[in-house]
Amino acid sequence: LYNILRELKGDEDFPEEEEPSFPLDKVKFVNNDDIMKAALERDQACFHTILSYQTLKAFVCRDMESALKFTDLYCEHFLTEALQLRYTSIYNEFYEALITFYFMRQTGEERYWVRGENALSKMREWSVHSDWNFKNKLLLLEAEMHYTQKDFDKAALCYEASIRAAQEHQFLHEEAIASELAGIFFLERGLHQKSQSFFEHSIKCYEKWGASVVAKRIEDSIRNEFGSDYMRHEPTDDLRMVYVDTPGEHYYKKRQLDN
């Protein structure tokens, strides 16, 4: 976690006076792969946690091949284990769905659709127990599912509702993730102005979360996409000023009644 936080923040080296005081500072690992290998050999629970953080990092950095590698490792080592649910499993399944729906769209391979659907089903089951913790996650997975199915109207509604729910429930990095994915969705639909608003909101959220590297990646990406037409606007802290009375919330409530 320490390594990943440094990488997302953009800190390559800490001054000596800021060196961490926790026990891992006595162990010199060459890189994160060595940490994962050591954890796998010595402590499965530790390996599971590290794998969860690595999956998150790869996904928010849009290193999708690495993200797939990590979620494959999760499926290999933990998906069928007869153990009690770990809290990190929630995030493993969340990213498993996001990653596999992405690869379904890229490759058309049915196996990715099956995996995404299975992860989405688990999220639906868990959401019954805590609307606060799962609402935004479930809506984002359903947005990606509808996008994969080419049901673009429902996808748009779910993206917007997921962002609103993440903001209301104070999941800042998931608000950032949903905003970037919405930006990608609307960009590919040819709605450039709308996509830029979502990308800019994602940048604002990532900067506030402390992930400067991710914020810069998105800004560089949209600058390359829009070229001289790109001009970053002053961010607003009030999402309602950007997404007024989004119909996604009405769709979410209707879906709950239908189910």
# chains A, B, ... in the order shown; residues from 1 in each chain; ligands from 1

call {"tool": "residues_around", "arguments": {"residues": "A:Ser212", "least_positions_apart": "3", "cutoff": "8 Å", "atoms": "only C-alpha atoms", "output": "JSON, numbers by chain"}}
result
{"A": [8, 9, 10, 206, 207, 215, 216]}

call {"tool": "write_last_selection", "arguments": {"atoms": "N, CA and C atoms", "output": "PDB file, in the first residue's frame"}}
result
ATOM      1  N   LEU A   8       0.931   6.672  -6.936  1.00  0.00           N
ATOM      2  CA  LEU A   8      -0.236   7.435  -7.364  1.00  0.00           C
ATOM      3  C   LEU A   8      -0.062   8.922  -7.085  1.00  0.00           C
ATOM      4  N   LYS A   9       0.627   9.211  -5.995  1.00  0.00           N
ATOM      5  CA  LYS A   9       0.855  10.613  -5.638  1.00  0.00           C
ATOM      6  C   LYS A   9       1.957  11.226  -6.488  1.00  0.00           C
ATOM      7  N   GLY A  10       2.877  10.372  -6.970  1.00  0.00           N
ATOM      8  CA  GLY A  10       3.983  10.871  -7.785  1.00  0.00           C
ATOM      9  C   GLY A  10       5.255  11.072  -7.008  1.00  0.00           C
ATOM     10  N   TYR A 206      -9.611  13.226  -8.663  1.00  0.00           N
ATOM     11  CA  TYR A 206      -8.331  12.564  -8.429  1.00  0.00           C
ATOM     12  C   TYR A 206      -7.342  13.504  -7.748  1.00  0.00           C
ATOM     13  N   GLU A 207      -7.340  14.759  -8.137  1.00  0.00           N
ATOM     14  CA  GLU A 207      -6.453  15.718  -7.477  1.00  0.00           C
ATOM     15  C   GLU A 207      -6.813  15.871  -6.009  1.00  0.00           C
ATOM     16  N   ALA A 215      -4.455  12.062 -12.248  1.00  0.00           N
ATOM     17  CA  ALA A 215      -5.061  13.295 -12.754  1.00  0.00           C
ATOM     18  C   ALA A 215      -4.288  13.815 -13.967  1.00  0.00           C
ATOM     19  N   LYS A 216      -2.954  13.777 -13.884  1.00  0.00           N
ATOM     20  CA  LYS A 216      -2.133  14.248 -15.007  1.00  0.00           C
ATOM     21  C   LYS A 216      -2.305  13.339 -16.224  1.00  0.00           C
TER      22      LYS A 216
END

call {"tool": "residues_around", "arguments": {"residues": "stretch 189-205 of chain A", "least_positions_apart": "3", "cutoff": "8 Å", "atoms": "only C-alpha atoms", "output": "PyMOL selection string"}}
result
chain A and resi 172-173+175-180+182-186+208-209+214-216+218-219+222+232-233+235+242

call {"tool": "residues_around", "arguments": {"residues": "A:Leu73", "least_positions_apart": "3", "cutoff": "12 Å", "atoms": "only C-alpha atoms", "output": "JSON list (two decimals) with N, CA, C and O atoms, in the first residue's frame"}}
result
[["chain", "number", "residue", "atom", "x", "y", "z"],
["A", 36, "MET", "N", 4.65, -9.11, -3.81],
["A", 36, "MET", "CA", 3.55, -10.04, -4.08],
["A", 36, "MET", "C", 4.02, -11.49, -3.98],
["A", 36, "MET", "O", 3.33, -12.35, -3.43],
["A", 37, "LYS", "N", 5.20, -11.77, -4.51],
["A", 37, "LYS", "CA", 5.73, -13.13, -4.47],
["A", 37, "LYS", "C", 5.96, -13.57, -3.03],
["A", 37, "LYS", "O", 5.60, -14.69, -2.63],
["A", 40, "LEU", "N", 2.60, -14.19, -1.33],
["A", 40, "LEU", "CA", 1.95, -15.42, -1.79],
["A", 40, "LEU", "C", 2.56, -16.63, -1.11],
["A", 40, "LEU", "O", 1.86, -17.58, -0.74],
["A", 47, "PHE", "N", -1.34, -11.53, 0.69],
["A", 47, "PHE", "CA", -1.29, -11.55, -0.78],
["A", 47, "PHE", "C", -2.60, -11.04, -1.36],
["A", 47, "PHE", "O", -2.60, -10.27, -2.33],
["A", 48, "HIS", "N", -3.72, -11.45, -0.76],
["A", 48, "HIS", "CA", -5.03, -11.01, -1.25],
["A", 48, "HIS", "C", -5.15, -9.49, -1.16],
["A", 48, "HIS", "O", -5.61, -8.82, -2.10],
["A", 50, "ILE", "N", -2.67, -7.21, -1.00],
["A", 50, "ILE", "CA", -1.75, -6.58, -1.93],
["A", 50, "ILE", "C", -2.29, -6.66, -3.35],
["A", 50, "ILE", "O", -2.23, -5.69, -4.12],
["A", 51, "LEU", "N", -2.85, -7.80, -3.70],
["A", 51, "LEU", "CA", -3.42, -8.00, -5.03],
["A", 51, "LEU", "C", -4.55, -7.00, -5.29],
["A", 51, "LEU", "O", -4.68, -6.45, -6.38],
["A", 52, "SER", "N", -5.34, -6.74, -4.25],
["A", 52, "SER", "CA", -6.44, -5.78, -4.39],
["A", 52, "SER", "C", -5.91, -4.39, -4.70],
["A", 52, "SER", "O", -6.43, -3.69, -5.58],
["A", 54, "GLN", "N", -2.99, -3.63, -6.00],
["A", 54, "GLN", "CA", -2.34, -3.62, -7.32],
["A", 54, "GLN", "C", -3.38, -3.54, -8.44],
["A", 54, "GLN", "O", -3.16, -2.88, -9.46],
["A", 55, "THR", "N", -4.51, -4.21, -8.25],
["A", 55, "THR", "CA", -5.57, -4.16, -9.26],
["A", 55, "THR", "C", -6.12, -2.75, -9.38],
["A", 55, "THR", "O", -6.32, -2.24, -10.48],
["A", 66, "SER", "N", -2.18, -5.18, -17.29],
["A", 66, "SER", "CA", -1.78, -5.52, -15.92],
["A", 66, "SER", "C", -3.00, -5.73, -15.04],
["A", 66, "SER", "O", -3.02, -6.63, -14.20],
["A", 67, "ALA", "N", -4.03, -4.90, -15.22],
["A", 67, "ALA", "CA", -5.26, -5.05, -14.44],
["A", 67, "ALA", "C", -5.86, -6.44, -14.67],
["A", 67, "ALA", "O", -6.31, -7.10, -13.73],
["A", 68, "LEU", "N", -5.85, -6.87, -15.93],
["A", 68, "LEU", "CA", -6.38, -8.20, -16.24],
["A", 68, "LEU", "C", -5.52, -9.28, -15.60],
["A", 68, "LEU", "O", -6.05, -10.27, -15.06],
["A", 69, "LYS", "N", -4.21, -9.11, -15.61],
["A", 69, "LYS", "CA", -3.32, -10.08, -14.99],
["A", 69, "LYS", "C", -3.63, -10.21, -13.49],
["A", 69, "LYS", "O", -3.71, -11.33, -12.96],
["A", 70, "PHE", "N", -3.86, -9.08, -12.83],
["A", 70, "PHE", "CA", -4.12, -9.11, -11.39],
["A", 70, "PHE", "C", -5.49, -9.72, -11.08],
["A", 70, "PHE", "O", -5.63, -10.49, -10.13],
["A", 76, "GLU", "N", -7.80, -17.03, -9.83],
["A", 76, "GLU", "CA", -7.05, -18.28, -9.68],
["A", 76, "GLU", "C", -6.90, -18.68, -8.22],
["A", 76, "GLU", "O", -7.04, -19.87, -7.87],
["A", 77, "HIS", "N", -6.63, -17.73, -7.35],
["A", 77, "HIS", "CA", -6.28, -18.06, -5.97],
["A", 77, "HIS", "C", -7.43, -17.90, -4.97],
["A", 77, "HIS", "O", -7.40, -18.54, -3.91],
["A", 78, "PHE", "N", -8.43, -17.08, -5.30],
["A", 78, "PHE", "CA", -9.41, -16.75, -4.26],
["A", 78, "PHE", "C", -10.87, -16.89, -4.67],
["A", 78, "PHE", "O", -11.73, -16.93, -3.81],
["A", 79, "LEU", "N", -11.16, -16.94, -5.93],
["A", 79, "LEU", "CA", -12.56, -16.89, -6.34],
["A", 79, "LEU", "C", -13.37, -18.08, -5.86],
["A", 79, "LEU", "O", -14.53, -17.95, -5.51],
["A", 80, "THR", "N", -12.77, -19.25, -5.82],
["A", 80, "THR", "CA", -13.51, -20.45, -5.45],
["A", 80, "THR", "C", -13.18, -20.93, -4.04],
["A", 80, "THR", "O", -13.62, -21.99, -3.64],
["A", 92, "ASN", "N", -12.25, -6.54, -5.22],
["A", 92, "ASN", "CA", -11.83, -7.47, -6.26],
["A", 92, "ASN", "C", -12.95, -7.71, -7.26],
["A", 92, "ASN", "O", -12.73, -7.70, -8.48],
["A", 96, "GLU", "N", -13.04, -6.67, -11.05],
["A", 96, "GLU", "CA", -13.20, -7.81, -11.95],
["A", 96, "GLU", "C", -14.26, -7.50, -13.00],
["A", 96, "GLU", "O", -14.06, -7.75, -14.20]]

call {"tool": "select_by_dssp", "arguments": {"residues": "stretch 99-254 of chain A", "states": "alpha helix (DSSP H)", "output": "JSON, numbers by chain"}}
result
{"A": [99, 100, 101, 102, 103, 104, 105, 106, 107, 110, 111, 112, 113, 114, 115, 116, 117, 118, 119, 120, 121, 122, 123, 124, 125, 126, 127, 131, 132, 133, 134, 135, 136, 137, 138, 139, 140, 141, 142, 143, 144, 145, 146, 147, 148, 152, 153, 154, 155, 156, 157, 158, 159, 160, 161, 162, 163, 164, 165, 166, 167, 168, 172, 173, 174, 175, 176, 177, 178, 179, 180, 181, 182, 183, 184, 185, 186, 187, 188, 192, 193, 194, 195, 196, 197, 198, 199, 200, 201, 202, 203, 204, 205, 206, 207, 208, 209, 212, 213, 214, 215, 216, 217, 218, 219, 220, 221, 222, 223, 224, 225, 226, 248, 249, 250, 251, 252, 253, 254]}
